[in-house]
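Take a look at the structure below.
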Amino acid sequence: MSAGLSRRARSTNALLSLLALLLVALILLPVAYMVMMSFKTGNQIVQDPLGLPTSLYLGNYANALSKMGYVRSVLNSVGITLSVAVLVSFIGALAAYPLARRTNRLARALVMLMALGLATPNFVTITPIYVIFRDIGLLDTYLGLILAFTALNLPLAVFFYTGFIGNIPTELDEAAKLDNCSDFQVFFHVIRPLLGPATATLSLFVMLMVWNDFTYPLLLLTDEDKFTVMISVYRFVGNHNLSPEDLFPAAVLGSLPLLLLFLVFQRRIVSGVTAGAVK
Amino acid sequence: MGNITMGKYRIFLFTVPALLVLGTFFLYPIGLSLRMSFTDFTGVGIANDVGWKNYERIFTRSRYLDALGVTLLFTLIVVTVQTAIGLFFAALLHRLPAVRNLCRAALFLPAMMSFVIVGYVWQFIYSPFDGGLNSLFAAIGLTSWQHNWIGDPDTALYALAFAHVWMFIGYSTAIFLAGYAAIPQELDEAARLEGTSGWQRFRHIEVPLLASSFTINIVLSTIGTLKTFELPFIMTRGGPDGATRTLSLHIIDSLFGKYRFGFASALSIIMLILVVAVTLLQNRVLRAREERVR
């Protein structure tokens with residue numbers, strides 16, 4: 001009896017698993033569609049809009065690569081993204097230490113400030129940032145963009161590290177203090193070496209945000225040589241009369257670096273985003 | 001004495017770099033925005049004080065009130081649908097440990113893509129000319145379902161919301177799954193022994209215990225959706241007939257080409273008040289709900 005029940009339960013489970021996989025495949029269909037379309041000629045798209053490409057036609061890619069300044073924009077994005085990740089992790093971890101170890105009024109006020117920063121959309125500060133940057137000569141510079149992104153991502157970093165440092169036992173701090181270490185020495189010699197996993201996860205998250213952001217570079221950059229990948233995609237594909245032969249290869253090229261990053265680090269990215277959100 | 005107080009607060013010197021960055025590029029800009037919002041500043045020359053005129057304009061012209069309505073409706077649709085689908089997938093995958101991690105990662109994939117690219121791809125999917133969706137309907141003989149999805153003011157906002165939800169299903173699912181992982185297994189087993197159905201367990205045990213996951217999901221997706229800009233900017237430019245013109249699209253439009261910095265600032269301040277008010281309200285209501293179900 002119970003064996004029969006479990007067999008039935010098992011086959012229900014197998015059926016449900018199949019259903020789940022099918023639904024997930026359905027959701028990934030637009031991604032597959034994007035890749036498939038990028039290999040089709042304009043003629044094929046008109047004649048057979050849903051069919052698989054008859055051959056691996058690379059003409060669209062050759063055209064996109066030669067016209068959208070892809071390599072240059074990837075290098076720009078990588079440089080900006082890495083600079084922001086380094087700045088945000090360093091400044092964020094520093095600020096998180098007192099917030100994780102103190103609960104006085106000042107700490108609570110700072111946590112409130114970070115929460116406000118986390119909730120505030122960048123559209124609120126984009127007009128004044130444009131004006132400030134213009135006045136001090138940061139408009140259309142890498143440095144300006146890096147600073148703007150750093151400020152945007154800093155509140156998240158502080159929250160992230162505060163949660164992480166909060167889980168490090170204070171006994172470690174106290175032991176070091178008995179050895180006459182100052183707060184600074186405790187942070188650099190006891191806390192900082194333990195932050196590796198948190199920094200890795202946070203950096204992936206910051207990379208995701210910065211690489212994909214559109215608003216800041218759209219408003220703050222005008223020099224083509226400094227364009228990030230998303231601006232190159234936008235300038236290449238345009239806004240009127242979309243041409244699928246331009247759109248799909250540009251979309252694949254624009255997402256490829258992050259999709260590869262995701263394949264390698266998917267476990268860390270998913271759990272990191274979840275942990276960041278749950279805290 | 002003074003030394004002791006200094007010692008107590010010395011550790012806060014660690015926050016100085018962060019405060020410098022946030023002071024210069026977050027707090028000061030908000031103050032500047034507030035100041036500019038009472039002027040007719042165009043980016044050059046002198047900014048004349050115009051009092052409440054910019055705000056008056058926002059609240060008396062239907063195009064800005066409509067944008068406010070579009071933004072709120074879009075947020076309502078996205079938050080509701082995304083939370084529901086995320087909960088569905090989490091409930092399903094929680095029962096299926098064999099495929100759970102694979103599906104969770106796969107659902108997350110669209111969130112790796114930029115709004116710009118998602119906007120372009122979905123714009124072509126919705127396209128009346130050889131677009132994926134209409135071609136699909138033709139292929140399965142449902143020609144009557146074909147529609148100019150983002151060209152029709154009645155469907156455009158929903159079409160955009162669908163693309164947005166598609167992107168972030170993985171987020172909601174992952175957050176709910178983390179909530180499921182925190183439910184003690186004995187509870188589920190005890191209910192199972194009492195002969196409850198799967199639906200009863202879901203409705204009366206799992207949903208109440210997921211209260212904090214609901215809070216996180218709803219607050220996060222609200223913050224992320226109230227500022228929606230890229231999808232309407234790429235896919236519809238706010239059209240057709242203003243059906244997808246969000247608040248943030250108005251802000252960018254006032255800056256680009258028009259250089260109405262004062263007015264754009266007033267719109268930004270309205271947006272800030274909106275986001276802070278909505279998230280505070282949600283936090284209060286949802287936290288109270290968490291207490292109640294506990």
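In the structure tokens, the first chain shown is A, the next is B, and so on; residue numbers restart at 1 for each chain, and ligands run from 1 in the order shown.
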Using only C-alpha atoms, find each residue of region 36-153 of chain A with at least one atom at most 12 Å away from an atom of region 108-125 of chain B; report its shortest atom-to-atom pair and that distance in Å (one decimal), sort the rows by chain and rising residue number, and return the result as CSV.
residue,atom,partner,partner_atom,distance
A:Met36,CA,B:Val121,CA,11.8
A:Met37,CA,B:Val121,CA,10.0
A:Ser38,CA,B:Val121,CA,10.9
A:Ile45,CA,B:Phe124,CA,11.5
A:Pro49,CA,B:Ile125,CA,10.3
A:Leu50,CA,B:Ile125,CA,10.6
Could those residues be written to a file, using N, CA and C atoms, as a PDB file, in the first residue's frame?
ATOM      1  N   MET A  36      18.784  33.037 -32.241  1.00  0.00           N
ATOM      2  CA  MET A  36      18.424  32.446 -33.529  1.00  0.00           C
ATOM      3  C   MET A  36      18.300  33.531 -34.613  1.00  0.00           C
ATOM      4  N   MET A  37      17.587  34.604 -34.270  1.00  0.00           N
ATOM      5  CA  MET A  37      17.353  35.658 -35.253  1.00  0.00           C
ATOM      6  C   MET A  37      18.654  36.312 -35.713  1.00  0.00           C
ATOM      7  N   SER A  38      19.655  36.329 -34.804  1.00  0.00           N
ATOM      8  CA  SER A  38      20.886  37.043 -35.140  1.00  0.00           C
ATOM      9  C   SER A  38      21.643  36.373 -36.278  1.00  0.00           C
ATOM     10  N   ILE A  45      14.130  36.245 -42.549  1.00  0.00           N
ATOM     11  CA  ILE A  45      13.248  36.742 -41.496  1.00  0.00           C
ATOM     12  C   ILE A  45      11.874  37.047 -42.068  1.00  0.00           C
ATOM     13  N   PRO A  49       9.581  33.815 -40.427  1.00  0.00           N
ATOM     14  CA  PRO A  49       9.964  34.590 -39.235  1.00  0.00           C
ATOM     15  C   PRO A  49      10.282  33.734 -38.011  1.00  0.00           C
ATOM     16  N   LEU A  50       9.767  32.504 -37.934  1.00  0.00           N
ATOM     17  CA  LEU A  50      10.023  31.698 -36.737  1.00  0.00           C
ATOM     18  C   LEU A  50      11.002  30.554 -36.977  1.00  0.00           C
TER      19      LEU A  50
END
Fewer than 6 positions away in the same chain doesn't count, so skip those; otherwise give me all residues within 7 Å of region 168-176 of chain B, counting only C-alpha atoms, as a short mmCIF file (atom, residue, chain, number, x, y, z; two decimals) with N, CA and C atoms, in the first residue's frame.
data_model
loop_
_atom_site.label_atom_id
_atom_site.label_comp_id
_atom_site.auth_asym_id
_atom_site.auth_seq_id
_atom_site.Cartn_x
_atom_site.Cartn_y
_atom_site.Cartn_z
N THR A 274 19.98 37.05 -3.65
CA THR A 274 18.97 36.67 -2.67
C THR A 274 19.39 37.10 -1.27
N GLN B 82 4.37 39.94 -11.12
CA GLN B 82 5.68 39.37 -10.84
C GLN B 82 5.69 38.60 -9.53
N THR B 83 5.05 39.15 -8.50
CA THR B 83 5.00 38.46 -7.21
C THR B 83 4.23 37.15 -7.35
N ILE B 85 3.71 35.27 -10.09
CA ILE B 85 4.43 34.26 -10.87
C ILE B 85 5.63 33.74 -10.08
N GLY B 86 6.33 34.65 -9.39
CA GLY B 86 7.47 34.23 -8.57
C GLY B 86 7.04 33.23 -7.51
N LEU B 87 5.90 33.51 -6.87
CA LEU B 87 5.38 32.61 -5.83
C LEU B 87 5.02 31.26 -6.44
N PHE B 89 6.28 29.78 -9.14
CA PHE B 89 7.49 29.00 -9.45
C PHE B 89 8.17 28.51 -8.18
N ALA B 90 8.20 29.35 -7.15
CA ALA B 90 8.86 28.94 -5.90
C ALA B 90 8.11 27.77 -5.28
N ARG B 104 15.98 27.52 -11.05
CA ARG B 104 16.18 28.83 -10.43
C ARG B 104 17.21 29.64 -11.21
N LEU B 107 15.74 30.69 -14.69
CA LEU B 107 14.78 31.79 -14.60
C LEU B 107 15.48 33.13 -14.38
N PHE B 108 16.69 33.06 -13.82
CA PHE B 108 17.43 34.28 -13.50
C PHE B 108 18.09 34.89 -14.72
N ALA B 111 17.41 38.42 -16.20
CA ALA B 111 17.79 39.55 -15.36
C ALA B 111 19.24 39.96 -15.60
N SER B 213 9.05 37.27 2.91
CA SER B 213 9.44 37.22 1.49
C SER B 213 8.52 38.09 0.64
N ASN B 217 9.88 41.13 -1.66
CA ASN B 217 9.55 41.13 -3.08
C ASN B 217 8.78 42.38 -3.48
#
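Residue-level contact on chain B: within 6 Å of chain A, counting only C-alpha atoms, the set is Ile11, Phe12, Phe14, Thr15, Ala18, Val21, Leu22, Pro29, Ile30, Ser33, Met113, Ser114, Ile117, Asp130, Ile175 and Ser268 of chain B.
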Okay, now the selection with C-alpha atoms, as a PDB file, in the first residue's frame?
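Generated output (part13.pdb):
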ATOM      1  CA  ILE B  11      35.316  54.434  14.854  1.00  0.00           C
ATOM      2  CA  PHE B  12      32.888  56.494  12.767  1.00  0.00           C
ATOM      3  CA  PHE B  14      35.554  54.895   8.813  1.00  0.00           C
ATOM      4  CA  THR B  15      32.412  56.359   7.316  1.00  0.00           C
ATOM      5  CA  ALA B  18      31.398  57.114   2.099  1.00  0.00           C
ATOM      6  CA  VAL B  21      30.915  60.480  -1.848  1.00  0.00           C
ATOM      7  CA  LEU B  22      27.269  60.444  -0.786  1.00  0.00           C
ATOM      8  CA  PRO B  29      22.330  67.033  -5.619  1.00  0.00           C
ATOM      9  CA  ILE B  30      18.999  66.455  -3.867  1.00  0.00           C
ATOM     10  CA  SER B  33      17.388  69.725  -7.231  1.00  0.00           C
ATOM     11  CA  MET B 113      20.323  41.414 -19.717  1.00  0.00           C
ATOM     12  CA  SER B 114      20.106  45.193 -19.913  1.00  0.00           C
ATOM     13  CA  ILE B 117      18.435  44.936 -24.945  1.00  0.00           C
ATOM     14  CA  ASP B 130       7.317  39.606 -38.894  1.00  0.00           C
ATOM     15  CA  ILE B 175      13.550  35.392  -2.914  1.00  0.00           C
ATOM     16  CA  SER B 268      12.415  64.633  -9.801  1.00  0.00           C
TER      17      SER B 268
END
Got a sec to tell me which of region 110-187 of chain A DSSP assigns to alpha helix (DSSP H), as a count of residues only?
-> 62
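Here CA of Ile252 (chain B) is placed at a distance of 21.3 Å from CA of Val50 (chain B).
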Would you list the contacts of Asp66 (chain B) as a PyMOL selection string, taking every protein, DNA or RNA residue within 9 Å and counting only C-alpha atoms, but skipping same-chain residues closer than 5 positions in sequence?
-> chain B and resi 61+71+242-243+245-246
Give me a file of those residues, with N, CA and C atoms, as an mmCIF file, in the first residue's frame.
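File written: result24.cif
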data_model
loop_
_atom_site.group_PDB
_atom_site.id
_atom_site.type_symbol
_atom_site.label_atom_id
_atom_site.label_comp_id
_atom_site.auth_asym_id
_atom_site.auth_seq_id
_atom_site.Cartn_x
_atom_site.Cartn_y
_atom_site.Cartn_z
ATOM 1 N N ARG B 61 -1.645 70.294 -15.424
ATOM 2 C CA ARG B 61 -1.678 69.818 -16.809
ATOM 3 C C ARG B 61 -1.944 68.326 -16.830
ATOM 4 N N THR B 71 2.626 55.694 -14.482
ATOM 5 C CA THR B 71 3.693 55.138 -13.645
ATOM 6 C C THR B 71 3.117 54.242 -12.549
ATOM 7 N N GLY B 242 0.694 58.732 -25.510
ATOM 8 C CA GLY B 242 1.034 58.906 -24.098
ATOM 9 C C GLY B 242 0.709 57.719 -23.207
ATOM 10 N N ALA B 243 0.326 56.587 -23.809
ATOM 11 C CA ALA B 243 -0.110 55.443 -23.009
ATOM 12 C C ALA B 243 1.007 54.849 -22.169
ATOM 13 N N ARG B 245 3.872 56.853 -21.284
ATOM 14 C CA ARG B 245 4.770 57.934 -20.883
ATOM 15 C C ARG B 245 4.869 57.982 -19.367
ATOM 16 N N THR B 246 5.994 57.523 -18.840
ATOM 17 C CA THR B 246 6.180 57.477 -17.395
ATOM 18 C C THR B 246 6.820 58.787 -16.915
#
May I ask for the distance between CA of Arg237 (chain B) and CA of Val35 (chain A), given in Å to one decimal place?
-> 25.4 Å
For region 284-286 of chain B, list every protein, DNA or RNA residue within 7 Å, evaluated using only C-alpha atoms, and leave out those in the same chain fewer than 4 positions away; present the list as a PyMOL selection string.
-> chain B and resi 215+280+290
